[in-house]
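Below: coords-v8.pdb (PDB, C-alpha atoms)
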MODEL        1
ATOM      1  CA  MET A  22       0.000   0.000   0.000  1.00  0.00           C
ATOM      2  CA  HIS A  23       1.325   3.444  -0.901  1.00  0.00           C
ATOM      3  CA  LYS A  24       1.091   6.380   1.458  1.00  0.00           C
ATOM      4  CA  THR A  25      -1.818   8.767   1.034  1.00  0.00           C
ATOM      5  CA  ASN A  26      -0.527  11.625   3.171  1.00  0.00           C
ATOM      6  CA  LEU A  27      -1.277  14.907   1.475  1.00  0.00           C
ATOM      7  CA  ILE A  28       1.506  17.439   1.192  1.00  0.00           C
ATOM      8  CA  SER A  29       1.887  19.695   4.222  1.00  0.00           C
ATOM      9  CA  PRO A  30      -0.194  22.902   4.056  1.00  0.00           C
ATOM     10  CA  SER A  31       2.813  24.744   5.500  1.00  0.00           C
ATOM     11  CA  LEU A  32       4.828  23.931   2.366  1.00  0.00           C
ATOM     12  CA  LEU A  33       2.118  25.400   0.152  1.00  0.00           C
ATOM     13  CA  SER A  34       2.059  28.582   2.237  1.00  0.00           C
ATOM     14  CA  ARG A  35       5.751  29.306   1.568  1.00  0.00           C
ATOM     15  CA  THR A  36       7.101  31.616  -1.112  1.00  0.00           C
ATOM     16  CA  ALA A  37       7.862  30.114  -4.502  1.00  0.00           C
ATOM     17  CA  LEU A  38      11.613  30.312  -3.929  1.00  0.00           C
ATOM     18  CA  GLU A  39      11.240  28.414  -0.647  1.00  0.00           C
ATOM     19  CA  ALA A  40       8.711  25.890  -1.958  1.00  0.00           C
ATOM     20  CA  ALA A  41      10.347  24.999  -5.297  1.00  0.00           C
ATOM     21  CA  PRO A  42      13.173  22.833  -3.882  1.00  0.00           C
ATOM     22  CA  LEU A  43      10.882  21.364  -1.222  1.00  0.00           C
ATOM     23  CA  LEU A  44       8.469  20.063  -3.861  1.00  0.00           C
ATOM     24  CA  LEU A  45      11.218  17.832  -5.256  1.00  0.00           C
ATOM     25  CA  GLY A  46      10.679  14.197  -4.335  1.00  0.00           C
ATOM     26  CA  GLN A  47       7.000  14.760  -3.569  1.00  0.00           C
ATOM     27  CA  THR A  48       4.369  12.641  -5.320  1.00  0.00           C
ATOM     28  CA  LEU A  49       2.146  14.134  -7.999  1.00  0.00           C
ATOM     29  CA  VAL A  50      -1.053  12.115  -8.435  1.00  0.00           C
ATOM     30  CA  ARG A  51      -3.348  12.355 -11.462  1.00  0.00           C
ATOM     31  CA  VAL A  52      -6.717  10.604 -11.206  1.00  0.00           C
ATOM     32  CA  THR A  53      -8.212   9.397 -14.502  1.00  0.00           C
ATOM     33  CA  GLU A  54     -11.019   7.043 -15.497  1.00  0.00           C
ATOM     34  CA  ASP A  55      -8.274   4.516 -16.289  1.00  0.00           C
ATOM     35  CA  GLY A  56      -6.844   4.725 -12.773  1.00  0.00           C
ATOM     36  CA  GLU A  57      -4.429   6.824 -10.740  1.00  0.00           C
ATOM     37  CA  ILE A  58      -1.052   7.823 -12.110  1.00  0.00           C
ATOM     38  CA  ARG A  59       1.630   8.484  -9.499  1.00  0.00           C
ATOM     39  CA  CYS A  60       4.953  10.151 -10.233  1.00  0.00           C
ATOM     40  CA  ARG A  61       7.856  11.791  -8.415  1.00  0.00           C
ATOM     41  CA  ILE A  62       8.544  15.482  -8.945  1.00  0.00           C
ATOM     42  CA  ILE A  63      12.113  15.764 -10.270  1.00  0.00           C
ATOM     43  CA  GLU A  64      12.531  19.363 -11.418  1.00  0.00           C
ATOM     44  CA  THR A  65      10.906  22.702 -10.560  1.00  0.00           C
ATOM     45  CA  GLU A  66      11.240  26.414 -11.260  1.00  0.00           C
ATOM     46  CA  SER A  67      10.354  29.268  -8.926  1.00  0.00           C
ATOM     47  CA  TYR A  68       8.378  32.266 -10.169  1.00  0.00           C
ATOM     48  CA  GLY A  69       8.527  34.640  -7.274  1.00  0.00           C
ATOM     49  CA  GLY A  70       5.823  37.228  -7.482  1.00  0.00           C
ATOM     50  CA  ALA A  71       5.369  40.786  -8.679  1.00  0.00           C
ATOM     51  CA  GLU A  72       9.087  41.672  -8.707  1.00  0.00           C
ATOM     52  CA  ASP A  73      10.120  38.649 -10.814  1.00  0.00           C
ATOM     53  CA  GLN A  74      10.546  39.729 -14.435  1.00  0.00           C
ATOM     54  CA  GLY A  75      10.202  36.098 -15.489  1.00  0.00           C
ATOM     55  CA  SER A  76       6.738  35.758 -13.957  1.00  0.00           C
ATOM     56  CA  HIS A  77       3.429  36.133 -15.790  1.00  0.00           C
ATOM     57  CA  ALA A  78       2.368  38.319 -12.843  1.00  0.00           C
ATOM     58  CA  PHE A  79       5.378  40.658 -13.000  1.00  0.00           C
ATOM     59  CA  GLY A  80       4.331  44.098 -11.779  1.00  0.00           C
ATOM     60  CA  ASN A  81       1.194  42.590 -10.201  1.00  0.00           C
ATOM     61  CA  ARG A  82      -0.253  42.040 -13.674  1.00  0.00           C
ATOM     62  CA  ARG A  83      -3.768  40.658 -13.145  1.00  0.00           C
ATOM     63  CA  THR A  84      -5.435  39.170 -16.219  1.00  0.00           C
ATOM     64  CA  ALA A  85      -7.900  36.385 -16.877  1.00  0.00           C
ATOM     65  CA  ARG A  86      -4.900  34.059 -17.194  1.00  0.00           C
ATOM     66  CA  THR A  87      -2.910  35.189 -14.160  1.00  0.00           C
ATOM     67  CA  GLU A  88      -5.766  35.742 -11.700  1.00  0.00           C
ATOM     68  CA  VAL A  89      -5.380  32.220 -10.305  1.00  0.00           C
ATOM     69  CA  MET A  90      -1.809  33.104  -9.254  1.00  0.00           C
ATOM     70  CA  PHE A  91      -3.208  35.629  -6.776  1.00  0.00           C
ATOM     71  CA  ALA A  92      -5.083  32.942  -4.826  1.00  0.00           C
ATOM     72  CA  ALA A  93      -3.769  31.456  -1.586  1.00  0.00           C
ATOM     73  CA  GLY A  94      -1.333  28.575  -2.081  1.00  0.00           C
ATOM     74  CA  GLY A  95      -2.608  25.100  -2.842  1.00  0.00           C
ATOM     75  CA  ILE A  96      -4.170  25.205  -6.299  1.00  0.00           C
ATOM     76  CA  ALA A  97      -2.995  24.483  -9.845  1.00  0.00           C
ATOM     77  CA  TYR A  98      -2.126  27.141 -12.395  1.00  0.00           C
ATOM     78  CA  VAL A  99      -2.266  25.602 -15.873  1.00  0.00           C
ATOM     79  CA  TYR A 100      -1.449  27.686 -18.929  1.00  0.00           C
ATOM     80  CA  LEU A 101      -0.647  27.119 -22.596  1.00  0.00           C
ATOM     81  CA  ILE A 102       2.679  27.773 -24.317  1.00  0.00           C
ATOM     82  CA  TYR A 103       2.915  28.144 -28.099  1.00  0.00           C
ATOM     83  CA  GLY A 104      -0.866  27.874 -28.084  1.00  0.00           C
ATOM     84  CA  MET A 105      -0.753  24.097 -27.760  1.00  0.00           C
ATOM     85  CA  TYR A 106       1.284  22.744 -24.793  1.00  0.00           C
ATOM     86  CA  SER A 107      -0.005  22.875 -21.226  1.00  0.00           C
ATOM     87  CA  CYS A 108       2.280  23.666 -18.278  1.00  0.00           C
ATOM     88  CA  LEU A 109       1.483  22.836 -14.657  1.00  0.00           C
ATOM     89  CA  ASN A 110       2.315  25.219 -11.815  1.00  0.00           C
ATOM     90  CA  VAL A 111       1.670  24.959  -8.092  1.00  0.00           C
ATOM     91  CA  VAL A 112       0.345  28.225  -6.677  1.00  0.00           C
ATOM     92  CA  VAL A 113       1.987  28.868  -3.291  1.00  0.00           C
ATOM     93  CA  GLY A 114       2.214  31.618  -0.693  1.00  0.00           C
ATOM     94  CA  ASP A 115      -0.336  34.138   0.548  1.00  0.00           C
ATOM     95  CA  LYS A 116      -3.452  35.459  -1.154  1.00  0.00           C
ATOM     96  CA  ASP A 117      -2.785  38.471  -3.418  1.00  0.00           C
ATOM     97  CA  ASP A 118       0.946  37.672  -3.605  1.00  0.00           C
ATOM     98  CA  PRO A 119       1.388  35.908  -6.990  1.00  0.00           C
ATOM     99  CA  GLN A 120       3.787  33.053  -6.295  1.00  0.00           C
ATOM    100  CA  ALA A 121       3.983  29.864  -8.374  1.00  0.00           C
ATOM    101  CA  VAL A 122       6.262  26.885  -8.947  1.00  0.00           C
ATOM    102  CA  LEU A 123       6.489  25.355 -12.416  1.00  0.00           C
ATOM    103  CA  ILE A 124       6.718  21.553 -12.452  1.00  0.00           C
ATOM    104  CA  ARG A 125       9.324  20.865 -15.153  1.00  0.00           C
ATOM    105  CA  ALA A 126       9.847  17.101 -14.928  1.00  0.00           C
ATOM    106  CA  VAL A 127       8.419  14.015 -13.229  1.00  0.00           C
ATOM    107  CA  GLU A 128       9.318  10.335 -13.031  1.00  0.00           C
ATOM    108  CA  PRO A 129       6.679   7.548 -12.992  1.00  0.00           C
ATOM    109  CA  LEU A 130       6.756   5.572  -9.747  1.00  0.00           C
ATOM    110  CA  SER A 131       5.921   2.179 -11.225  1.00  0.00           C
ATOM    111  CA  GLY A 132       5.700   0.289 -14.473  1.00  0.00           C
ATOM    112  CA  MET A 133       1.916   0.614 -14.394  1.00  0.00           C
ATOM    113  CA  ASP A 134       2.179   4.378 -13.984  1.00  0.00           C
ATOM    114  CA  GLU A 135       4.615   4.555 -16.889  1.00  0.00           C
ATOM    115  CA  GLU A 136       2.389   2.397 -19.097  1.00  0.00           C
ATOM    116  CA  LEU A 137      -0.605   4.659 -18.590  1.00  0.00           C
ATOM    117  CA  MET A 138       1.490   7.777 -19.130  1.00  0.00           C
ATOM    118  CA  TRP A 139       2.727   6.417 -22.455  1.00  0.00           C
ATOM    119  CA  ARG A 140      -0.858   5.695 -23.464  1.00  0.00           C
ATOM    120  CA  TYR A 141      -1.733   9.359 -23.000  1.00  0.00           C
ATOM    121  CA  ARG A 142       1.586  10.719 -24.267  1.00  0.00           C
ATOM    122  CA  GLY A 143       1.589   8.706 -27.469  1.00  0.00           C
ATOM    123  CA  PRO A 144       4.623   7.149 -29.177  1.00  0.00           C
ATOM    124  CA  VAL A 145       7.753   9.294 -29.494  1.00  0.00           C
ATOM    125  CA  SER A 146      11.232   8.665 -30.763  1.00  0.00           C
ATOM    126  CA  GLY A 147      14.277   8.895 -28.548  1.00  0.00           C
ATOM    127  CA  LYS A 148      14.965   7.890 -24.974  1.00  0.00           C
ATOM    128  CA  THR A 149      12.392   6.567 -22.533  1.00  0.00           C
ATOM    129  CA  VAL A 150      12.865   9.632 -20.320  1.00  0.00           C
ATOM    130  CA  GLY A 151      11.300  11.657 -23.151  1.00  0.00           C
ATOM    131  CA  LEU A 152       8.030  10.563 -21.590  1.00  0.00           C
ATOM    132  CA  SER A 153       8.003  13.353 -19.006  1.00  0.00           C
ATOM    133  CA  ASN A 154      11.324  15.272 -18.965  1.00  0.00           C
ATOM    134  CA  GLY A 155       9.804  18.648 -19.708  1.00  0.00           C
ATOM    135  CA  PRO A 156       6.753  20.692 -18.647  1.00  0.00           C
ATOM    136  CA  GLY A 157       4.774  20.173 -21.840  1.00  0.00           C
ATOM    137  CA  LYS A 158       5.677  16.505 -22.056  1.00  0.00           C
ATOM    138  CA  LEU A 159       4.592  15.682 -18.519  1.00  0.00           C
ATOM    139  CA  CYS A 160       1.268  17.447 -19.013  1.00  0.00           C
ATOM    140  CA  ARG A 161       0.552  15.371 -22.095  1.00  0.00           C
ATOM    141  CA  ALA A 162       1.577  12.181 -20.293  1.00  0.00           C
ATOM    142  CA  LEU A 163      -0.651  13.018 -17.322  1.00  0.00           C
ATOM    143  CA  ARG A 164      -3.451  14.461 -19.446  1.00  0.00           C
ATOM    144  CA  ILE A 165      -3.262  17.812 -17.695  1.00  0.00           C
ATOM    145  CA  ASP A 166      -4.896  20.720 -19.495  1.00  0.00           C
ATOM    146  CA  ARG A 167      -6.664  24.005 -18.809  1.00  0.00           C
ATOM    147  CA  SER A 168      -9.686  22.162 -17.411  1.00  0.00           C
ATOM    148  CA  LEU A 169      -7.560  21.624 -14.269  1.00  0.00           C
ATOM    149  CA  ASN A 170      -6.691  25.299 -13.864  1.00  0.00           C
ATOM    150  CA  GLY A 171      -7.624  26.287 -10.308  1.00  0.00           C
ATOM    151  CA  CYS A 172      -7.915  22.654  -9.145  1.00  0.00           C
ATOM    152  CA  SER A 173      -7.121  22.152  -5.457  1.00  0.00           C
ATOM    153  CA  LEU A 174      -3.937  20.132  -5.001  1.00  0.00           C
ATOM    154  CA  ASN A 175      -4.386  19.225  -1.339  1.00  0.00           C
ATOM    155  CA  GLN A 176      -7.692  17.361  -1.330  1.00  0.00           C
ATOM    156  CA  MET A 177      -8.102  13.615  -1.785  1.00  0.00           C
ATOM    157  CA  ASN A 178     -11.260  13.864  -3.903  1.00  0.00           C
ATOM    158  CA  LYS A 179      -9.763  15.996  -6.661  1.00  0.00           C
ATOM    159  CA  PRO A 180      -8.418  14.814 -10.059  1.00  0.00           C
ATOM    160  CA  LEU A 181      -4.967  16.196  -9.253  1.00  0.00           C
ATOM    161  CA  ARG A 182      -3.159  16.257  -5.922  1.00  0.00           C
ATOM    162  CA  ILE A 183       0.274  16.262  -4.296  1.00  0.00           C
ATOM    163  CA  GLU A 184       1.200  13.750  -1.599  1.00  0.00           C
ATOM    164  CA  SER A 185       4.206  13.571   0.689  1.00  0.00           C
ATOM    165  CA  GLY A 186       7.083  11.668  -0.871  1.00  0.00           C
ATOM    166  CA  ASP A 187      10.821  11.452  -0.299  1.00  0.00           C
ATOM    167  CA  PRO A 188      12.366  13.492   2.549  1.00  0.00           C
ATOM    168  CA  VAL A 189      14.023  16.471   0.871  1.00  0.00           C
ATOM    169  CA  ARG A 190      17.025  16.423   3.208  1.00  0.00           C
ATOM    170  CA  TYR A 191      18.180  13.130   1.674  1.00  0.00           C
ATOM    171  CA  LEU A 192      17.974  14.251  -1.963  1.00  0.00           C
ATOM    172  CA  PRO A 193      20.966  15.565  -3.984  1.00  0.00           C
ATOM    173  CA  ILE A 194      19.297  18.838  -4.965  1.00  0.00           C
ATOM    174  CA  VAL A 195      21.043  21.445  -7.104  1.00  0.00           C
ATOM    175  CA  ALA A 196      20.087  24.905  -8.342  1.00  0.00           C
ATOM    176  CA  SER A 197      20.663  26.592 -11.708  1.00  0.00           C
ATOM    177  CA  PRO A 198      19.180  29.370 -13.864  1.00  0.00           C
ATOM    178  CA  ARG A 199      15.690  28.905 -15.241  1.00  0.00           C
ATOM    179  CA  VAL A 200      15.118  27.788 -18.838  1.00  0.00           C
ATOM    180  CA  ASN A 201      13.915  29.881 -21.804  1.00  0.00           C
ATOM    181  CA  ILE A 202      13.297  33.182 -20.014  1.00  0.00           C
ATOM    182  CA  ASP A 203      15.566  35.459 -22.063  1.00  0.00           C
ATOM    183  CA  TYR A 204      12.981  38.229 -21.641  1.00  0.00           C
ATOM    184  CA  ALA A 205      13.441  38.353 -17.850  1.00  0.00           C
ATOM    185  CA  GLY A 206      16.069  41.089 -17.686  1.00  0.00           C
ATOM    186  CA  ASP A 207      18.021  41.058 -14.422  1.00  0.00           C
ATOM    187  CA  TYR A 208      16.231  37.846 -13.438  1.00  0.00           C
ATOM    188  CA  VAL A 209      17.530  35.708 -16.312  1.00  0.00           C
ATOM    189  CA  SER A 210      20.475  34.323 -14.376  1.00  0.00           C
ATOM    190  CA  LYS A 211      18.809  33.854 -10.987  1.00  0.00           C
ATOM    191  CA  PRO A 212      19.442  30.226  -9.850  1.00  0.00           C
ATOM    192  CA  TRP A 213      15.754  29.552  -9.339  1.00  0.00           C
ATOM    193  CA  ARG A 214      15.509  26.180 -11.072  1.00  0.00           C
ATOM    194  CA  PHE A 215      15.952  23.140  -8.835  1.00  0.00           C
ATOM    195  CA  TYR A 216      16.386  19.480  -9.708  1.00  0.00           C
ATOM    196  CA  ILE A 217      17.504  16.134  -8.342  1.00  0.00           C
ATOM    197  CA  GLU A 218      21.062  15.739  -9.584  1.00  0.00           C
ATOM    198  CA  GLY A 219      21.727  12.535 -11.503  1.00  0.00           C
ATOM    199  CA  ASN A 220      18.081  11.777 -12.234  1.00  0.00           C
ATOM    200  CA  PRO A 221      17.657  10.934 -15.931  1.00  0.00           C
ATOM    201  CA  TYR A 222      14.303  12.722 -16.174  1.00  0.00           C
ATOM    202  CA  VAL A 223      15.822  16.180 -15.626  1.00  0.00           C
ATOM    203  CA  SER A 224      14.969  18.234 -18.713  1.00  0.00           C
ATOM    204  CA  VAL A 225      18.148  20.343 -18.923  1.00  0.00           C
ATOM    205  CA  LYS A 226      21.303  19.502 -16.989  1.00  0.00           C
ATOM    206  CA  ASP A 227      23.415  22.524 -16.058  1.00  0.00           C
ATOM    207  CA  LYS A 228      27.201  22.332 -16.506  1.00  0.00           C
ATOM    208  CA  HIS A 229      27.857  24.126 -13.234  1.00  0.00           C
ATOM    209  CA  PRO A 230      24.917  23.534 -10.868  1.00  0.00           C
ATOM    210  CA  ILE A 231      24.945  24.943  -7.347  1.00  0.00           C
ATOM    211  CA  PRO A 232      24.432  22.456  -4.485  1.00  0.00           C
ATOM    212  CA  PHE A 233      21.276  23.327  -2.558  1.00  0.00           C
ATOM    213  CA  ARG A 234      21.423  23.345   1.200  1.00  0.00           C
ATOM    214  CA  GLN A 235      18.123  23.279   3.049  1.00  0.00           C
ATOM    215  CA  ALA A 236      17.962  25.869   5.829  1.00  0.00           C
TER     216      ALA A 236
ENDMDL
END
Using structure tokens, write down the structure that the file contains.
Amino acid sequence: MHKTNLISPSLLSRTALEAAPLLLGQTLVRVTEDGEIRCRIIETESYGGAEDQGSHAFGNRRTARTEVMFAAGGIAYVYLIYGMYSCLNVVVGDKDDPQAVLIRAVEPLSGMDEELMWRYRGPVSGKTVGLSNGPGKLCRALRIDRSLNGCSLNQMNKPLRIESGDPVRYLPIVASPRVNIDYAGDYVSKPWRFYIEGNPYVSVKDKHPIPFRQA
């Protein structure tokens, strides 16, 4: 039997920069009519509120798309890139402070989870890790789309949730700059991407990652 302990509410109340590394190793669960899919969060990016030039909510920009980011932590923010690929974010922090953590890569926990993910993802060429080693890829593999925008992530009866997983203090976590945010000005080089070093599902491996030390 797997654990069914939901992620701690205190983690979801933290800022994005605090929460992003702590989400690594936690279990993302997607409930479908074909069964539950369980996977380990491998890579995240922090988008830290109104001052972050890389954030959709930079300057407290409130639009139909970003409004969900201004909610209290604990819900999903799902948006489209290139008009076709969904990306999953975990809204964190306090109400009216737009903080979110992008989930960049996940790893299926079992062969059954992987099989179902491939069914939704469809056949692709290349390595097996191509299943979910990127934000758009994992959303296709978990069938996550805009219909889940605003979904609570800390309730057992929802189609998407996060459960407690591996203790963060035992994981080899590293930090590096975020990916594909050339527009972010002074925030381009901030080491606000976090991943489990050595895991094959990491989307982009940095040549000079910074070891992360939990406070």
Discussion item. Can you pull out the residues contacting stretch 129-143 of chain A? Cut-off 7 Å, using only C-alpha atoms, and skip same-chain residues under 3 positions away; I want them as a list in words.
Written reply: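 So the residues in contact are Ile58, Arg59, Cys60, Arg61, Leu152, Arg161, Ala162, Leu163 and Arg164 of chain A.
Counting from atom CA of A:Ile124, the distance to atom CA of A:Leu174 is 13.1 Å.
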Discussion item. Applying the PyMOL selection byres ((chain A and resi 32) around 9) to the file I just gave you, which residues come out? Please list them as an NGL selection string.
Written reply: :A and (28-31 or 33-36 or 39-40 or 43-44 or 94 or 113-114)
Practice prompt. Report as a list in words the full result of the PyMOL selection byres ((chain A and resi 150) around 10) when it is applied to this structure.
Written response: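 On the file shown, the PyMOL selection byres ((chain A and resi 150) around 10) covers Ala126, Val127, Glu128, Pro129, Gly147, Lys148, Thr149, Gly151, Leu152, Ser153, Asn154, Gly155, Asn220, Pro221, Tyr222, Val223 and Ser224 of chain A.
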Practice prompt. Give the answer as one residue: which of A:Gly75, A:Gly69, A:Gly46, A:Gly186 has the shortest atom-to-atom distance to A:Ala205, using all atoms listed in the file?
Written response: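 Closest residue, counting all atoms listed in the file: A:Gly75.
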Worksheet entry | Interatomic distance (Å, one decimal) between atom CA of A:Leu38 and atom CA of A:Tyr68 |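 Calculated distance between atom CA of A:Leu38 and atom CA of A:Tyr68 is 7.3 Å.
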Discussion item. Which residue is closest to A:Gly104? Choose from A:Pro232, A:Gly70, A:Gly157, A:Pro212 and count only C-alpha atoms.
Written reply: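 Of all the options, A:Gly157 lies closest to A:Gly104.
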Item to complete: Dump as a ChimeraX atom specification all residues having an atom at most 7 Å from (-3.0, 37.5, -4.4), computed in the file's coordinates with only C-alpha atoms.
Response: /A:90-93,115-119
Keeping only C-alpha atoms, write the selected residues as a PDB file, in the coordinates of the input.
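For reference, part-v5.pdb as written:
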ATOM      1  CA  MET A  90      -1.809  33.104  -9.254  1.00  0.00           C
ATOM      2  CA  PHE A  91      -3.208  35.629  -6.776  1.00  0.00           C
ATOM      3  CA  ALA A  92      -5.083  32.942  -4.826  1.00  0.00           C
ATOM      4  CA  ALA A  93      -3.769  31.456  -1.586  1.00  0.00           C
ATOM      5  CA  ASP A 115      -0.336  34.138   0.548  1.00  0.00           C
ATOM      6  CA  LYS A 116      -3.452  35.459  -1.154  1.00  0.00           C
ATOM      7  CA  ASP A 117      -2.785  38.471  -3.418  1.00  0.00           C
ATOM      8  CA  ASP A 118       0.946  37.672  -3.605  1.00  0.00           C
ATOM      9  CA  PRO A 119       1.388  35.908  -6.990  1.00  0.00           C
TER      10      PRO A 119
END
Discussion item. Using only C-alpha atoms, can you tell me which of A:Asp207, A:Phe233, A:Glu218, A:Ile202 comes closest to A:Arg190?
Written reply: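 Among A:Asp207, A:Phe233, A:Glu218, A:Ile202, it is A:Phe233 that comes nearest to A:Arg190.
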Return the padded bounding box of stretch 132-136 of chain A as AutoDock Vina command-line options: axis-aligned, built from all atoms listed in the file, 4 Å added on each side, with centre and edge lengths in Å to one decimal.
--center_x 3.8 --center_y 2.4 --center_z -16.5 --size_x 11.8 --size_y 12.3 --size_z 13.1
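Pairwise distance (atom CA of A:Glu54, atom CA of A:Ser173) equals 18.6 Å.
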Practice prompt. Determine the nearest neighbour of A:Val200 from the options A:Cys160, A:Val225, A:Leu27, A:Ile231, counting only C-alpha atoms.
Written response: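 Checking each candidate against A:Val200, we get A:Val225 as the closest.
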Practice prompt. Any chance you could resolve the PyMOL selection byres ((chain A and resi 197) around 12) against this file and give the residues as a PyMOL selection string?
Written response: chain A and resi 42+64-67+194-196+198-200+209-218+225-233
